[in-house]
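Inspection log for the structure reproduced underneath, given as structure tokens.
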Amino acid sequence: MNTAQIARMLTRARLSTRMGEVTFDILAIVALSVSSGMLLTTLGGVWMFHERVPRVDAITDMEYFGWVYFSFALFALALLIVPLLSLGASASQLGANGRAQRLASLRLVGMTSRQVVGVSLLESLIQTLIGFTVGMGLYLLTLPAWQAVEFTGMRIETAEMLLPWWGVLAALGLQLVISTLATVFGLLKVSISPLGVARKTTPKALRWWRVLVLIGAVVLMWYLSKNWEPENSTYTLISTFAIIIFFVMSISIAGPFFLQTLARPLTKTRSVSRLVAARRIVAYPRAAWRSIAAISLMMLISSLLIFGDILRFDTDNTATAGADGEFVFTTSVFFQDVYYGVIIALSFALILGAVSVLIHQTSDVIDRTDESRALSWVGMPTKKFTISRIWQVFIPLIIMTAISVGLGVIPGLAQGSTPDVEAKMLLIGVIIAGFALTLLAVLFTAPIQRQVLAQHNRKND
């Protein structure tokens, strides 16, 4: 019997069960569908702005201004590509980690390590193909809706957002590579012995060098904000976007260290729910960060744009037509386009964040089945598990919201700018929406937690 036949047989047996592995499969496909659909849509937007470069130059009557819009589109792609691909990677690791005990059983009945890895890779690749197909369907279905949006006075046509065939293949190849790497790294975290034992490796404590990376990024960001002057040179745009992207990425590097350090004092509590949540954060800070990374980075970007005086609401947007009724490009049109682009990017980030929280917390519920049952047997009420999970997500979210918004103020302090009331209200709205969607995602895991606790079976069954 070859690997493909084994994978098909195991998949058929797994789908006949009521929960656990089936839950993993469904959530993995949902996450891959959302990730693929948004990736194709984002790439379609970049393609649209690339094709519009000559037309934007003609409308604005400014040479190379079309490349400015295209550069902003590339910048949005650079900011969204990490959470987009991370969501797909998390979905693949969700399947790999969830199959650890089953893979250990396969080793016990005589399968080799190569066959076990082959089965896992094949199942993950099939999930990725299904998710990408569904995501592409969502992408095609939503194309007509973009006609309601316009940039530089031109409405988006459906054909403009349609990627060429090689763009679709590139997106598919990227998802397959990410899925393969995520599955392999997920299996590396679990040592599956010939005796059928899945041994999870203990994570090491995080080091302070992560903060040094963030400090270096803060210094660069302060220098950029203090000395930046608007120019049309390609070098200026590339260097500016590179520093901003490095600044955002440094938060991802230092974030887990902050969570581990700041959550440790919270373990000194009489509340069982907060104690369980805080100890899980301290023990697995990277997992806590991954769960809220998309929403935290979205808040950082919002704060950067608002306090950096990029989003303006006080410009006159009435002078957009000439005496003959033809469209006239003004500064207000540019800032209005930037505002629309930011709103679209933030909406994507909110959706990605909510799905990411749902994926990670559902995975955590099922991965901690034995631990949850043990706590239940010693008397922990069922409702306390949901309260503990809310704390487990919202403690990191509150910590990183304060840090992200605080760091986002740096450009404003360097430039001496003060955002208007409308911009501040937008930031508050983004924070409220992020918290609300996160809460809904966590509450969605409550029925799964109750189902896990309701099952009573021996560990060796």
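Labeling convention for the structure tokens: chains A, B, ... as they appear, residues from 1 per chain, ligands from 1 in order of appearance.
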Please provide as a ChimeraX atom specification all residues within 8 Å of region 296-303 of chain A, with the sequence filter that same-chain residues fewer than 6 positions apart are discarded (counting only C-alpha atoms). /A:248,251,346,349-350,397,400-401,404-405,407-409,427,430-431
Residue subset to file, keeping N, CA, C and O atoms, as a PDB file, in the first residue's frame:
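again-v7.pdb, written as the output of this step:
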```pdb
ATOM      1  N   VAL A 248       7.637  47.610  11.758  1.00  0.00           N
ATOM      2  CA  VAL A 248       6.495  46.736  12.033  1.00  0.00           C
ATOM      3  C   VAL A 248       6.968  45.323  12.369  1.00  0.00           C
ATOM      4  O   VAL A 248       6.472  44.681  13.302  1.00  0.00           O
ATOM      5  N   ILE A 251       8.218  44.641  15.926  1.00  0.00           N
ATOM      6  CA  ILE A 251       7.182  44.379  16.927  1.00  0.00           C
ATOM      7  C   ILE A 251       6.904  42.883  17.003  1.00  0.00           C
ATOM      8  O   ILE A 251       6.692  42.324  18.090  1.00  0.00           O
ATOM      9  N   LEU A 346      -7.214  48.010   6.568  1.00  0.00           N
ATOM     10  CA  LEU A 346      -7.594  47.736   7.949  1.00  0.00           C
ATOM     11  C   LEU A 346      -8.735  46.725   8.020  1.00  0.00           C
ATOM     12  O   LEU A 346      -8.776  45.886   8.922  1.00  0.00           O
ATOM     13  N   ALA A 349      -7.242  43.410   7.545  1.00  0.00           N
ATOM     14  CA  ALA A 349      -6.498  43.003   8.735  1.00  0.00           C
ATOM     15  C   ALA A 349      -7.439  42.566   9.853  1.00  0.00           C
ATOM     16  O   ALA A 349      -7.138  41.624  10.593  1.00  0.00           O
ATOM     17  N   LEU A 350      -8.587  43.240   9.995  1.00  0.00           N
ATOM     18  CA  LEU A 350      -9.562  42.854  11.014  1.00  0.00           C
ATOM     19  C   LEU A 350     -10.095  41.447  10.761  1.00  0.00           C
ATOM     20  O   LEU A 350     -10.201  40.628  11.681  1.00  0.00           O
ATOM     21  N   LEU A 397      -3.623  40.884  24.207  1.00  0.00           N
ATOM     22  CA  LEU A 397      -4.176  41.911  23.328  1.00  0.00           C
ATOM     23  C   LEU A 397      -4.100  43.290  23.975  1.00  0.00           C
ATOM     24  O   LEU A 397      -3.740  44.281  23.323  1.00  0.00           O
ATOM     25  N   MET A 400      -0.330  44.399  24.077  1.00  0.00           N
ATOM     26  CA  MET A 400       0.213  44.781  22.778  1.00  0.00           C
ATOM     27  C   MET A 400      -0.518  45.979  22.178  1.00  0.00           C
ATOM     28  O   MET A 400       0.068  46.719  21.386  1.00  0.00           O
ATOM     29  N   THR A 401      -1.780  46.182  22.535  1.00  0.00           N
ATOM     30  CA  THR A 401      -2.477  47.395  22.070  1.00  0.00           C
ATOM     31  C   THR A 401      -1.822  48.632  22.658  1.00  0.00           C
ATOM     32  O   THR A 401      -1.582  49.622  21.950  1.00  0.00           O
ATOM     33  N   SER A 404       1.638  48.947  20.962  1.00  0.00           N
ATOM     34  CA  SER A 404       1.538  49.293  19.537  1.00  0.00           C
ATOM     35  C   SER A 404       1.109  50.734  19.341  1.00  0.00           C
ATOM     36  O   SER A 404       1.709  51.475  18.548  1.00  0.00           O
ATOM     37  N   VAL A 405       0.064  51.148  20.051  1.00  0.00           N
ATOM     38  CA  VAL A 405      -0.404  52.531  19.914  1.00  0.00           C
ATOM     39  C   VAL A 405       0.656  53.495  20.434  1.00  0.00           C
ATOM     40  O   VAL A 405       0.897  54.562  19.848  1.00  0.00           O
ATOM     41  N   LEU A 407       3.949  53.074  20.438  1.00  0.00           N
ATOM     42  CA  LEU A 407       5.031  53.167  19.456  1.00  0.00           C
ATOM     43  C   LEU A 407       4.582  53.917  18.204  1.00  0.00           C
ATOM     44  O   LEU A 407       5.389  54.561  17.537  1.00  0.00           O
ATOM     45  N   GLY A 408       3.291  53.827  17.883  1.00  0.00           N
ATOM     46  CA  GLY A 408       2.787  54.525  16.711  1.00  0.00           C
ATOM     47  C   GLY A 408       2.786  56.030  16.852  1.00  0.00           C
ATOM     48  O   GLY A 408       2.665  56.762  15.856  1.00  0.00           O
ATOM     49  N   VAL A 409       2.933  56.518  18.091  1.00  0.00           N
ATOM     50  CA  VAL A 409       2.968  57.969  18.327  1.00  0.00           C
ATOM     51  C   VAL A 409       4.317  58.573  17.940  1.00  0.00           C
ATOM     52  O   VAL A 409       4.437  59.785  17.762  1.00  0.00           O
ATOM     53  N   LEU A 427      -9.085  55.767  15.058  1.00  0.00           N
ATOM     54  CA  LEU A 427      -8.226  54.857  15.823  1.00  0.00           C
ATOM     55  C   LEU A 427      -9.019  54.164  16.926  1.00  0.00           C
ATOM     56  O   LEU A 427      -8.886  52.943  17.130  1.00  0.00           O
ATOM     57  N   VAL A 430     -11.136  51.506  15.372  1.00  0.00           N
ATOM     58  CA  VAL A 430     -10.346  50.322  15.000  1.00  0.00           C
ATOM     59  C   VAL A 430     -10.089  49.452  16.228  1.00  0.00           C
ATOM     60  O   VAL A 430     -10.212  48.217  16.183  1.00  0.00           O
ATOM     61  N   ILE A 431      -9.735  50.079  17.355  1.00  0.00           N
ATOM     62  CA  ILE A 431      -9.468  49.327  18.583  1.00  0.00           C
ATOM     63  C   ILE A 431     -10.730  48.613  19.064  1.00  0.00           C
ATOM     64  O   ILE A 431     -10.692  47.420  19.429  1.00  0.00           O
TER      65      ILE A 431
END
```
Write out as JSON, numbers by chain which residues come within 7 Å of Ala414 (chain A) when counting only C-alpha atoms, dropping same-chain ones fewer than 6 positions away. {"A": [222, 225, 226]}
Just the number, please: distance in Å from CA of Ser250 (chain A) to CA of Leu214 (chain A), one decimal.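 Spanning CA of Ser250 (chain A) to CA of Leu214 (chain A) is a straight-line distance of 5.0 Å.
CA of Leu266 (chain A) is found 8.4 Å from CA of Arg279 (chain A).
Proximity ranking of A:Glu150, A:Met136, A:Gly118, A:Leu275 relative to Val184 (chain A) places A:Gly118 first, based on only C-alpha atoms.
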Point out the residue among A:Ala254, A:Ala242, A:Ala288, A:Leu352 with the least atom-to-atom distance to Val213 (chain A), counting only C-alpha atoms.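 Smallest separation from Val213 (chain A) among the options: A:Ala254.
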From the options A:Leu169, A:Met154, A:Val338, A:Ile398, which residue's atoms come nearest to Thr60 (chain A), counting only C-alpha atoms?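 Using only C-alpha atoms, Thr60 (chain A) sits closest to A:Met154.
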